[in-house]
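Q: Pasting a structure below so you can have a look.
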Amino acid sequence: MPLLEIKDLHTYFYTDAGKVKAVNGVSFSLERGKVLGIVGESGSGKSVTAYSIMQILEGNGEIVSGSIKLDGQELVGAGEEVMKKVRGNRISMIFQDPMTSLNPTYTIGKQLMEAIMLHTNRSKKEAYDRAVEMLRLVNVNEPLKRMKQYPFELSGGMRQRVMIAMALACEPDILIADEPTTALDVTIQAQILELMKSLQEELGMVIILITHDLGVVAQMCDEVIVMYAGSICEQGTVDEIFYNPCHEYTKGLLRSIPTTSDVEKLMPIPGTPIDLLNMPKGCPFAPRCENAMKICIKQPAETIKINDNHTAACWMNVKKGIDEGKIVFDNDMEGGDLQ
Amino acid sequence: MSKNSVKPLVEVENLKKHFDINTGFLSTKPLKAVDDVSFSINKGETLGLVGESGCGKTTVGRTLLHLYKPTGGRIWYDGREIRTKEDISYLRRKASMVFQDPYSSLNPRMTVSDIIGEPLDVQKKYTNKNERRDRILELMNYVGLNSEHASRYAHEFSGGQRQRIGIARALAVDPELLVCDEPVSALDVSIQAQVINMFVELQEKLGLTYLFIAHDILVVRHISDSIAVMYLGKMVELSDADEIYNRPLHPYSKSLLSAVPIPDPKTARERKRIVLSGDIPSPLNAPSGCPFRTRCPYATEECATSMPQFEEVSKGHYVACHRVNEIN
């Protein structure tokens, strides 16, 4: 049984301007011991997917349908009491901005101990020892001194370490990291990524890493989900996604970033990200896709299995399959659409 | 730097910018944001300036245009030293700036045509209204905006389009030099590439010279002819872009380059990373001697006592490190 299994998740936000389908039919499952990367641009629904798993959506957001199963236990509709036990104990989360996710008026020690005592039956003394142990684990120097300090006295990288210590204090099965290094400098980012990777191997937990940086994904992840406009375009092992991309959006993303190879012209994706209030009928990427066919505008693509480690939702794969004779024509599909 | 026959458009020698920081009642301390920085940029070329937050790269850009008054050092533009008020207004007619944040750098109460037209008004670049309008439309055309966008307000645009407006505004004065301060870091990846390509095209079309400030080394390498690396207000290395990327000599440049996540899983797995320990010291309490010595794996006693000179170690490759010959 997979550790986490998400099926057809729909999360909508109700705004004055209308209904925003931030997550629109996301399904994936996750085995133990893996690092999963979720990549996408702003507004693609990667953070909202994470917030839905934790059920910490803002007031106007709601999980409309779908299922989230942790070790077989259904979390959607399970109620706040169940979720309180899941958050922190089973699934923890760290956020992008370590400056604002710590309380500026409490010492580091008090905040760590509070988290530990809330989730376990430890006494104050035991919680203190555990907090110091956690700070050591995340390589914070002089942990005893840090316990007495306030967040403003620490650097950004140090604060993110404290956040990781807090998130891991109750040994969760899953750590969700939402852009954990985006606010940090490159050399500090390298420290934090290395720390996360080594803790993941040491503690055997699952990390869901949400990022827009394909470099971070290549370095950290075993599996990758590429999101666009609330749905999953493509999913597979990191090598499959980088070396055998099967969705036009993923291909476009990979062409638009400068790489190590010798300087050539970047190939940007034309147009701008989609307005979630005005979603097209067909594939959400079709308006920006250079190879869009008639069918792409008419109906969204089904998710197709490319191989055992790879799925993608792009009509180009269907066309390729038909051309190669691997897929037989469906009756309700008109031949002229695949052009 | 790569072409010796080309005359430098900008030359900077020992540029210093110190800010006085209040440290208590009536006591101040100098914060050396930029300290003894020297470089030159040839006409039509791009110098990329990289470094981490607080290293002074933005201050270099702003001091270069006299948006901050330099504490010391000399600046020449096209052979003319910039000293007096007249020099500064001459410089500002020749150079302009593109800012990082396309959300806060545009006035929300002005239409796009007024935002782009304002520098034209200030410098009286037109004789009648039609000329002004035509110039605005020409500028919008340069950056890929339609004429129908002219009467809209900044909030109606996405981040990438706002950055285009900011660039059109910077181009309004017909500059030769553009100082671009993190112009693409606030943009999404797919949009970033559009804007980077536009910078390249504009350079080819208008013969622009760029000082391109960014923290993303892959982006900087893509666009630059030469690259300068800064750390705590000092320039630690300066060379041709490919040279510095493939053969960094300063220990800080080495670790900075090895810390950049490469979007290629196989390279990422095989690559050896130099992970620096510790944080960047506060520029208010900069270490004695070489600023990098507290995090440098090769630091010796000499590094604590004297600041290494910024010297040419091979043709066009400048490094400030005492042990540059031993460690390479």
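Going through the structure tokens in order, the chains are called A, B, and so on, while each chain numbers its residues from 1 and the ligands are numbered from 1 in the order shown.
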Could you build a table of the residues in stretch 211-268 of chain B lying no more than 10 Å from stretch 244-257 of chain A, giving for each the nearest pair of atoms and their separation in Å rounded to one decimal place, using only C-alpha atoms, ordered by chain and ascending residue number, as CSV?

A:
```
residue,atom,partner,partner_atom,distance
B:Leu218,CA,A:Ile257,CA,8.5
B:Val219,CA,A:Ile257,CA,8.1
B:His222,CA,A:Ile257,CA,9.8
B:Pro263,CA,A:Ile257,CA,8.3
B:Asp264,CA,A:Leu254,CA,9.8
```

Q: Sorted by chain and rising residue number, which residues of chain A lie within 6 Å of chain B, and what are their closest atom pairs and distances in Å to one decimal, counting only C-alpha atoms, as CSV?

A:
```
residue,atom,partner,partner_atom,distance
A:Glu41,CA,B:Asp188,CA,5.9
A:Asp185,CA,B:Glu52,CA,5.8
A:Thr187,CA,B:Ala259,CA,5.7
A:Ala190,CA,B:Ala259,CA,5.5
A:Leu214,CA,B:Pro263,CA,5.2
A:Gly215,CA,B:Pro263,CA,3.7
A:Val216,CA,B:Pro261,CA,5.4
A:Ala218,CA,B:Pro265,CA,4.3
A:Gln219,CA,B:Ala268,CA,5.1
A:Ser256,CA,B:Ala193,CA,5.4
A:Pro258,CA,B:Leu218,CA,5.7
A:Val263,CA,B:His222,CA,5.8
A:Pro268,CA,B:Ala193,CA,4.9
A:Ile269,CA,B:Ser190,CA,5.4
```

Q: Can you pull out the residues contacting B:Asp87? Cut-off 10 Å, using only C-alpha atoms, and skip same-chain residues under 6 positions away; I want them as a list of chain:residue names.

A: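 Selected residues are B:Trp76, B:Tyr77, B:Arg80, B:Glu81, B:Arg93.
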
Q: So which residues touch B:Arg92 within 9 Å, counting only C-alpha atoms, skipping near sequence neighbours fewer than 4 positions away, as a list of chain:residue names?

A: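 My list of contacting residues is B:Leu65, B:His66, B:Asp87, B:Ile88, B:Ser96, B:Val173, B:Pro175.
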
Q: Would you save the residues of that selection, restricted to all heavy atoms, as a PDB file, in the first residue's frame?

A:
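Final file, again_37.pdb:
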```pdb
ATOM      1  N   LEU B  65      25.622  55.023 -11.476  1.00  0.00           N
ATOM      2  CA  LEU B  65      24.766  56.036 -12.091  1.00  0.00           C
ATOM      3  C   LEU B  65      24.599  57.262 -11.189  1.00  0.00           C
ATOM      4  O   LEU B  65      23.733  58.105 -11.439  1.00  0.00           O
ATOM      5  CB  LEU B  65      23.394  55.455 -12.401  1.00  0.00           C
ATOM      6  CG  LEU B  65      23.353  54.323 -13.420  1.00  0.00           C
ATOM      7  CD1 LEU B  65      21.928  53.971 -13.771  1.00  0.00           C
ATOM      8  CD2 LEU B  65      24.107  54.710 -14.681  1.00  0.00           C
ATOM      9  N   HIS B  66      25.390  57.324 -10.113  1.00  0.00           N
ATOM     10  CA  HIS B  66      25.300  58.440  -9.164  1.00  0.00           C
ATOM     11  C   HIS B  66      23.918  58.562  -8.549  1.00  0.00           C
ATOM     12  O   HIS B  66      23.469  59.656  -8.227  1.00  0.00           O
ATOM     13  CB  HIS B  66      25.712  59.769  -9.827  1.00  0.00           C
ATOM     14  CG  HIS B  66      27.189  60.024  -9.713  1.00  0.00           C
ATOM     15  ND1 HIS B  66      27.729  60.866  -8.779  1.00  0.00           N
ATOM     16  CD2 HIS B  66      28.224  59.524 -10.409  1.00  0.00           C
ATOM     17  CE1 HIS B  66      29.034  60.884  -8.912  1.00  0.00           C
ATOM     18  NE2 HIS B  66      29.366  60.077  -9.899  1.00  0.00           N
ATOM     19  N   ASP B  87      28.377  66.729 -15.314  1.00  0.00           N
ATOM     20  CA  ASP B  87      28.786  65.379 -15.698  1.00  0.00           C
ATOM     21  C   ASP B  87      27.687  64.379 -15.389  1.00  0.00           C
ATOM     22  O   ASP B  87      27.408  63.479 -16.180  1.00  0.00           O
ATOM     23  CB  ASP B  87      30.056  64.968 -14.934  1.00  0.00           C
ATOM     24  CG  ASP B  87      31.249  65.813 -15.296  1.00  0.00           C
ATOM     25  OD1 ASP B  87      31.280  66.307 -16.442  1.00  0.00           O
ATOM     26  OD2 ASP B  87      32.139  65.978 -14.444  1.00  0.00           O
ATOM     27  N   ILE B  88      27.082  64.563 -14.216  1.00  0.00           N
ATOM     28  CA  ILE B  88      26.059  63.604 -13.797  1.00  0.00           C
ATOM     29  C   ILE B  88      24.850  63.675 -14.724  1.00  0.00           C
ATOM     30  O   ILE B  88      24.322  62.638 -15.150  1.00  0.00           O
ATOM     31  CB  ILE B  88      25.648  63.849 -12.325  1.00  0.00           C
ATOM     32  CG1 ILE B  88      26.824  63.529 -11.407  1.00  0.00           C
ATOM     33  CG2 ILE B  88      24.455  62.980 -11.934  1.00  0.00           C
ATOM     34  CD1 ILE B  88      26.627  63.932  -9.973  1.00  0.00           C
ATOM     35  N   SER B  96      20.596  54.372 -18.266  1.00  0.00           N
ATOM     36  CA  SER B  96      19.404  54.268 -17.434  1.00  0.00           C
ATOM     37  C   SER B  96      19.336  52.888 -16.803  1.00  0.00           C
ATOM     38  O   SER B  96      20.211  52.063 -16.997  1.00  0.00           O
ATOM     39  CB  SER B  96      18.145  54.638 -18.199  1.00  0.00           C
ATOM     40  OG  SER B  96      17.855  53.676 -19.152  1.00  0.00           O
ATOM     41  N   VAL B 173      15.115  57.207 -23.025  1.00  0.00           N
ATOM     42  CA  VAL B 173      16.102  58.281 -23.125  1.00  0.00           C
ATOM     43  C   VAL B 173      17.182  57.963 -24.152  1.00  0.00           C
ATOM     44  O   VAL B 173      18.187  58.659 -24.227  1.00  0.00           O
ATOM     45  CB  VAL B 173      16.748  58.578 -21.758  1.00  0.00           C
ATOM     46  CG1 VAL B 173      15.688  59.052 -20.789  1.00  0.00           C
ATOM     47  CG2 VAL B 173      17.470  57.359 -21.215  1.00  0.00           C
ATOM     48  N   PRO B 175      19.333  55.350 -24.280  1.00  0.00           N
ATOM     49  CA  PRO B 175      20.576  55.161 -23.540  1.00  0.00           C
ATOM     50  C   PRO B 175      21.578  54.311 -24.318  1.00  0.00           C
ATOM     51  O   PRO B 175      21.203  53.579 -25.238  1.00  0.00           O
ATOM     52  CB  PRO B 175      20.126  54.417 -22.284  1.00  0.00           C
ATOM     53  CG  PRO B 175      18.954  53.614 -22.753  1.00  0.00           C
ATOM     54  CD  PRO B 175      18.282  54.424 -23.820  1.00  0.00           C
TER      55      PRO B 175
END
```

Q: When you look at stretch 104-119 of chain B with a cut-off of 6 Å (counting only C-alpha atoms), what residues show up, excluding the ones that are within fewer than 6 positions of it in the same chain? I need them as a PDB file with C-alpha atoms, in the first residue's frame.

A:
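Listing of selection_26.pdb after writing:
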```pdb
ATOM      1  CA  ALA B 150      -0.816  52.255 -24.223  1.00  0.00           C
ATOM      2  CA  SER B 151      -3.863  53.492 -22.356  1.00  0.00           C
ATOM      3  CA  ARG B 152      -3.900  50.721 -19.758  1.00  0.00           C
ATOM      4  CA  TYR B 153      -2.571  50.791 -16.199  1.00  0.00           C
ATOM      5  CA  ALA B 154       0.280  48.714 -14.814  1.00  0.00           C
ATOM      6  CA  ARG B 169      10.815  53.289 -19.954  1.00  0.00           C
TER       7      ARG B 169
END
```

Q: Please identify which residues in stretch 25-204 of chain A DSSP calls strand (DSSP E or B) from the backbone, and express them as a ChimeraX atom specification.

A: /A:25-30,35-39,61-70,73-74,87,91-94,174-178

Q: Pick out the closest residue to B:Gly316 from this set: B:Ser40, B:Thr71, B:Gln100, B:Thr300. Count only C-alpha atoms.

A: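 Of B:Ser40, B:Thr71, B:Gln100, B:Thr300, the one nearest B:Gly316, counting only C-alpha atoms, is B:Ser40.
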
Q: Need the shell around A:Val48: protein/DNA/RNA residues with any atom at most 12 Å away, counting only C-alpha atoms. Skip same-chain ones fewer than 5 positions apart. Format as a PyMOL selection string?

A: chain A and resi 9-13+20-24+26+38+40+42-43+53-58+61-63+176+178+210+227+229-231

Q: List as a ChimeraX atom specification the protein and nucleic acid residues near B:Ser147, meaning an atom at most 8 Å away when only C-alpha atoms are counted, but skip any in the same chain fewer than 5 places from it.

A: /B:137,140-141

Q: Please produce a file of the residues just selected, as a PDB file, in the first residue's frame, where the atoms kept are N, CA, C and O atoms.

A:
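Writing done, so here's out15.pdb:
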```
ATOM      1  N   LEU B 137       5.083  54.655 -28.996  1.00  0.00           N
ATOM      2  CA  LEU B 137       4.666  53.441 -29.703  1.00  0.00           C
ATOM      3  C   LEU B 137       5.873  52.668 -30.229  1.00  0.00           C
ATOM      4  O   LEU B 137       5.897  51.437 -30.209  1.00  0.00           O
ATOM      5  N   MET B 140       7.307  50.827 -27.304  1.00  0.00           N
ATOM      6  CA  MET B 140       6.471  49.686 -26.937  1.00  0.00           C
ATOM      7  C   MET B 140       6.669  48.547 -27.922  1.00  0.00           C
ATOM      8  O   MET B 140       6.669  47.374 -27.551  1.00  0.00           O
ATOM      9  N   ASN B 141       6.852  48.931 -29.173  1.00  0.00           N
ATOM     10  CA  ASN B 141       7.087  47.934 -30.201  1.00  0.00           C
ATOM     11  C   ASN B 141       8.411  47.186 -29.967  1.00  0.00           C
ATOM     12  O   ASN B 141       8.495  45.973 -30.133  1.00  0.00           O
TER      13      ASN B 141
END
```

Q: Would you mind writing down, as a list in words, each residue of stretch 260-310 of chain B that DSSP on the backbone assigns to alpha helix (DSSP H)?

A: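 Here are the alpha helix (DSSP H) residues of stretch 260-310 of chain B: Pro265, Lys266, Thr267, Ala268, Arg269, Glu270, Glu301, Glu302, Cys303, Ala304 and Thr305 of chain B.
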
Q: Select, from B:Ser226, B:Lys234, B:Phe199, B:Glu138, the residue with the minimum atom-to-atom distance to A:Lys265, counting only C-alpha atoms.

A: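 Ranking B:Ser226, B:Lys234, B:Phe199, B:Glu138 by distance to A:Lys265, first place goes to B:Phe199.
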